[in-house]
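What's in input_17.pdb: PDB, C-alpha atoms and all ligand atoms
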ATOM      1  CA  MET A   1      10.770 -51.138  18.293
ATOM      2  CA  VAL A   2      11.597 -48.286  15.941
ATOM      3  CA  PHE A   3       9.791 -48.287  12.608
ATOM      4  CA  LEU A   4      10.928 -46.133   9.705
ATOM      5  CA  HIS A   5       9.134 -44.771   6.677
ATOM      6  CA  HIS A   6       7.919 -47.563   4.374
ATOM      7  CA  SER A   7       7.415 -50.018   7.247
ATOM      8  CA  LEU A   8       3.959 -48.434   7.629
ATOM      9  CA  VAL A   9       3.033 -50.252   4.415
ATOM     10  CA  ALA A  10       4.144 -53.658   5.685
ATOM     11  CA  TYR A  11       1.928 -56.597   6.661
ATOM     12  CA  GLN A  12      -1.131 -55.471   4.698
ATOM     13  CA  ASN A  13      -2.893 -58.757   5.538
ATOM     14  CA  TRP A  14      -2.084 -58.719   9.281
ATOM     15  CA  PRO A  15      -4.521 -56.333  11.041
ATOM     16  CA  GLU A  16      -2.715 -56.522  14.393
ATOM     17  CA  PHE A  17       0.278 -54.754  12.861
ATOM     18  CA  GLU A  18      -1.717 -51.504  12.872
ATOM     19  CA  ASN A  19      -2.026 -51.730  16.667
ATOM     20  CA  ILE A  20       1.726 -52.253  16.996
ATOM     21  CA  ILE A  21       2.976 -49.502  14.710
ATOM     22  CA  GLY A  22       0.048 -47.166  15.422
ATOM     23  CA  GLY A  23      -1.236 -46.580  11.914
ATOM     24  CA  ARG A  24      -2.000 -48.069   8.554
ATOM     25  CA  TYR A  25      -1.131 -47.208   4.969
ATOM     26  CA  PHE A  26      -3.727 -48.521   2.531
ATOM     27  CA  LEU A  27      -2.373 -49.944  -0.705
ATOM     28  CA  ASP A  28      -5.879 -50.396  -2.060
ATOM     29  CA  SER A  29      -9.478 -49.361  -1.395
ATOM     30  CA  THR A  30     -10.351 -52.142   1.046
ATOM     31  CA  ARG A  31     -11.449 -49.685   3.745
ATOM     32  CA  GLY A  32     -14.036 -48.181   1.412
ATOM     33  CA  SER A  33     -12.176 -45.020   0.506
ATOM     34  CA  SER A  34      -9.316 -44.144  -1.775
ATOM     35  CA  PRO A  35      -5.868 -45.678  -1.187
ATOM     36  CA  SER A  36      -3.104 -43.897   0.677
ATOM     37  CA  THR A  37      -0.803 -41.659  -1.364
ATOM     38  CA  TYR A  38       2.874 -40.724  -1.588
ATOM     39  CA  HIS A  39       4.916 -37.954  -3.150
ATOM     40  CA  GLU A  40       8.698 -38.130  -3.321
ATOM     41  CA  GLU A  41      11.259 -35.344  -3.318
ATOM     42  CA  VAL A  42       9.191 -32.625  -1.677
ATOM     43  CA  LYS A  43      10.188 -29.924   0.767
ATOM     44  CA  ILE A  44       8.698 -30.750   4.169
ATOM     45  CA  SER A  45       8.573 -28.630   7.305
ATOM     46  CA  LEU A  46       8.693 -30.718  10.446
ATOM     47  CA  SER A  47       7.480 -29.217  13.732
ATOM     48  CA  ILE A  48       8.322 -30.691  17.107
ATOM     49  CA  VAL A  49       4.962 -30.693  18.886
ATOM     50  CA  ASP A  50       6.025 -32.591  22.000
ATOM     51  CA  LYS A  51       9.258 -31.084  23.268
ATOM     52  CA  GLN A  52       9.022 -32.943  26.604
ATOM     53  CA  HIS A  53       9.274 -36.452  25.195
ATOM     54  CA  PRO A  54      12.759 -38.046  25.494
ATOM     55  CA  VAL A  55      12.815 -38.675  21.735
ATOM     56  CA  THR A  56      12.377 -35.012  20.779
ATOM     57  CA  GLN A  57      14.094 -33.157  23.624
ATOM     58  CA  GLY A  58      16.575 -30.636  22.248
ATOM     59  CA  ILE A  59      15.558 -31.107  18.607
ATOM     60  CA  GLU A  60      14.515 -27.986  16.702
ATOM     61  CA  ASP A  61      11.970 -27.759  13.909
ATOM     62  CA  ILE A  62      13.570 -28.778  10.615
ATOM     63  CA  GLN A  63      13.005 -28.574   6.874
ATOM     64  CA  VAL A  64      13.899 -31.587   4.782
ATOM     65  CA  PHE A  65      13.534 -32.976   1.283
ATOM     66  CA  ASP A  66      11.857 -36.312   1.574
ATOM     67  CA  GLU A  67       8.675 -38.202   0.756
ATOM     68  CA  VAL A  68       5.248 -37.536   2.245
ATOM     69  CA  TYR A  69       2.454 -40.044   2.694
ATOM     70  CA  GLY A  70      -1.168 -38.967   2.592
ATOM     71  CA  ASN A  71      -4.548 -40.434   3.373
ATOM     72  CA  PHE A  72      -3.239 -43.031   5.803
ATOM     73  CA  ARG A  73      -4.755 -43.836   9.181
ATOM     74  CA  VAL A  74      -3.240 -42.937  12.538
ATOM     75  CA  GLN A  75      -4.532 -44.612  15.675
ATOM     76  CA  PRO A  76      -6.043 -42.046  18.083
ATOM     77  CA  THR A  77      -4.068 -43.561  20.962
ATOM     78  CA  VAL A  78      -0.599 -42.641  19.637
ATOM     79  CA  ARG A  79       1.340 -39.711  21.110
ATOM     80  CA  PRO A  80       2.257 -37.312  18.277
ATOM     81  CA  LEU A  81       5.838 -36.009  18.560
ATOM     82  CA  VAL A  82       6.421 -34.334  15.186
ATOM     83  CA  THR A  83       3.899 -32.934  12.719
ATOM     84  CA  THR A  84       3.921 -31.304   9.301
ATOM     85  CA  ASN A  85       1.564 -28.913   7.564
ATOM     86  CA  HIS A  86       2.436 -30.279   4.116
ATOM     87  CA  PRO A  87      -0.859 -30.413   2.151
ATOM     88  CA  GLU A  88      -0.179 -33.920   0.826
ATOM     89  CA  SER A  89       0.632 -35.407   4.224
ATOM     90  CA  ILE A  90      -1.221 -36.537   7.292
ATOM     91  CA  PRO A  91      -0.178 -34.107  10.065
ATOM     92  CA  GLN A  92       1.351 -36.709  12.408
ATOM     93  CA  VAL A  93       4.665 -37.896  10.964
ATOM     94  CA  VAL A  94       6.475 -39.091  14.112
ATOM     95  CA  TRP A  95       4.685 -40.652  17.036
ATOM     96  CA  ALA A  96       5.188 -42.766  20.113
ATOM     97  CA  ASN A  97       3.035 -45.777  20.771
ATOM     98  CA  GLU A  98       2.834 -48.564  23.308
ATOM     99  CA  TYR A  99       2.047 -52.157  22.515
ATOM    100  CA  MET A 100       1.733 -54.478  25.485
ATOM    101  CA  ASN A 101       4.882 -53.556  27.426
ATOM    102  CA  SER A 102       6.867 -52.360  24.427
ATOM    103  CA  ARG A 103       7.823 -48.830  23.469
ATOM    104  CA  ILE A 104       7.202 -48.025  19.827
ATOM    105  CA  ILE A 105       8.388 -45.092  17.711
ATOM    106  CA  TYR A 106       7.252 -44.568  14.139
ATOM    107  CA  ILE A 107       9.143 -42.074  11.964
ATOM    108  CA  GLN A 108       7.466 -41.480   8.598
ATOM    109  CA  PRO A 109      10.256 -39.409   6.997
ATOM    110  CA  GLY A 110      13.199 -41.493   5.813
ATOM    111  CA  HIS A 111      12.949 -42.088   2.088
ATOM    112  CA  GLY A 112      16.558 -41.575   1.101
ATOM    113  CA  PRO A 113      20.032 -40.044   1.389
ATOM    114  CA  GLN A 114      18.884 -36.414   1.535
ATOM    115  CA  ILE A 115      17.309 -36.867   4.950
ATOM    116  CA  PHE A 116      19.801 -39.420   6.257
ATOM    117  CA  VAL A 117      22.535 -36.754   6.325
ATOM    118  CA  ASP A 118      20.391 -34.253   8.237
ATOM    119  CA  PRO A 119      21.851 -33.882  11.767
ATOM    120  CA  SER A 120      18.449 -33.316  13.393
ATOM    121  CA  TYR A 121      16.999 -36.392  11.719
ATOM    122  CA  ARG A 122      19.982 -38.463  12.815
ATOM    123  CA  MET A 123      19.579 -37.192  16.374
ATOM    124  CA  LEU A 124      15.870 -38.014  16.336
ATOM    125  CA  LEU A 125      16.629 -41.543  15.180
ATOM    126  CA  GLN A 126      19.350 -41.967  17.781
ATOM    127  CA  LEU A 127      17.076 -40.765  20.587
ATOM    128  CA  ALA A 128      14.301 -43.067  19.337
ATOM    129  CA  ILE A 129      16.592 -46.105  19.471
ATOM    130  CA  ARG A 130      17.827 -45.152  22.945
ATOM    131  CA  TRP A 131      14.291 -44.604  24.259
ATOM    132  CA  VAL A 132      12.844 -47.887  23.019
ATOM    133  CA  ALA A 133      15.892 -49.629  24.471
ATOM    134  CA  GLY A 134      14.963 -48.243  27.884
ATOM    135  CA  ALA A 135      17.726 -45.643  28.112
TER     136      ALA A 135
HETATM  137 ZN    ZN B   1       9.929 -43.849   0.247
END

Let me see the structure of the file written as structure tokens.
Ligand SMILES: [Zn+2]
Amino acid sequence: MVFLHHSLVAYQNWPEFENIIGGRYFLDSTRGSSPSTYHEEVKISLSIVDKQHPVTQGIEDIQVFDEVYGNFRVQPTVRPLVTTNHPESIPQVVWANEYMNSRIIYIQPGHGPQIFVDPSYRMLLQLAIRWVAGA
């Protein structure tokens, strides 16, 4: 499965979803701290931190205009592939996860048209789809 952007916010009342996607965005303060945050239309530097993974091989670091999420939870068992140093974001913005026998990729960037035309982003998405399909 490949999950994009806002899908991290889905299934707020289904705890198992966090184990599938590998993280959780908090719409409210149910975990005892402040809710997760977002900021649209910001310049984001994306660094490929795992150049060996099939999903990131050949992709260079990129700068995009998109939306960052902050103060969300990432499961310690995910494999970070892409990070950012944006001050309003959690560092891990693309990761690989496994759930039962399924390959999972989560890609946090993906708010709108500005990033959808970026060739590196499109390649990342294509490689993610191919990898989860077993290619
Ligand atoms: Zn968005």

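A distance search around ligand ZN 1 (chain B) (9 Å at most, only C-alpha atoms and all ligand atoms) returns the following protein and nucleic acid residues: His5, His6, Tyr38, His39, Glu40, Asp66, Glu67, Val68, Tyr69, Pro109, Gly110, His111 and Gly112 of chain A.
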
Hits from the PyMOL selection byres (((chain A and resi 21) around 12) and not hetatm), listed as a PyMOL selection string
chain A and resi 1-11+14-20+22-25+73-75+77-79+94-100+102-108

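Distance annotation: of A:Leu46, A:Val82, A:Leu27, A:Leu124, the residue with the minimal separation from Gly70 of chain A is A:Leu27; atom set is all atoms listed in the file.
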
From A:Ile129, A:Ile90, A:Leu81, A:Val42, residue lying nearest Asp61 of chain A [only C-alpha atoms]
A:Leu81

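For the set A:Ser34, A:Gln12, A:Gln114, A:Thr83, the residue with the smallest atom-to-atom gap to Ile48 of chain A is A:Thr83, counting all atoms listed in the file.
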
With distances taken over all atoms listed in the file, which residue among A:Ile115, A:Thr84, A:Pro54, A:Gln92 lies nearest Val132 of chain A?
A:Pro54

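In this comparison, which uses only C-alpha atoms, the residue of A:Gln126, A:Pro80, A:His86, A:Asn71 approaching Lys51 of chain A most closely is A:Pro80.
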
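Shortest atom-to-atom contact with Gly134 of chain A among A:Asp118, A:Pro113, A:Glu88, A:Val55: A:Val55, counting all atoms listed in the file.
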
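Distance-wise, atom CA of Thr56 of chain A and atom CA of Leu127 of chain A end up 7.4 Å apart.
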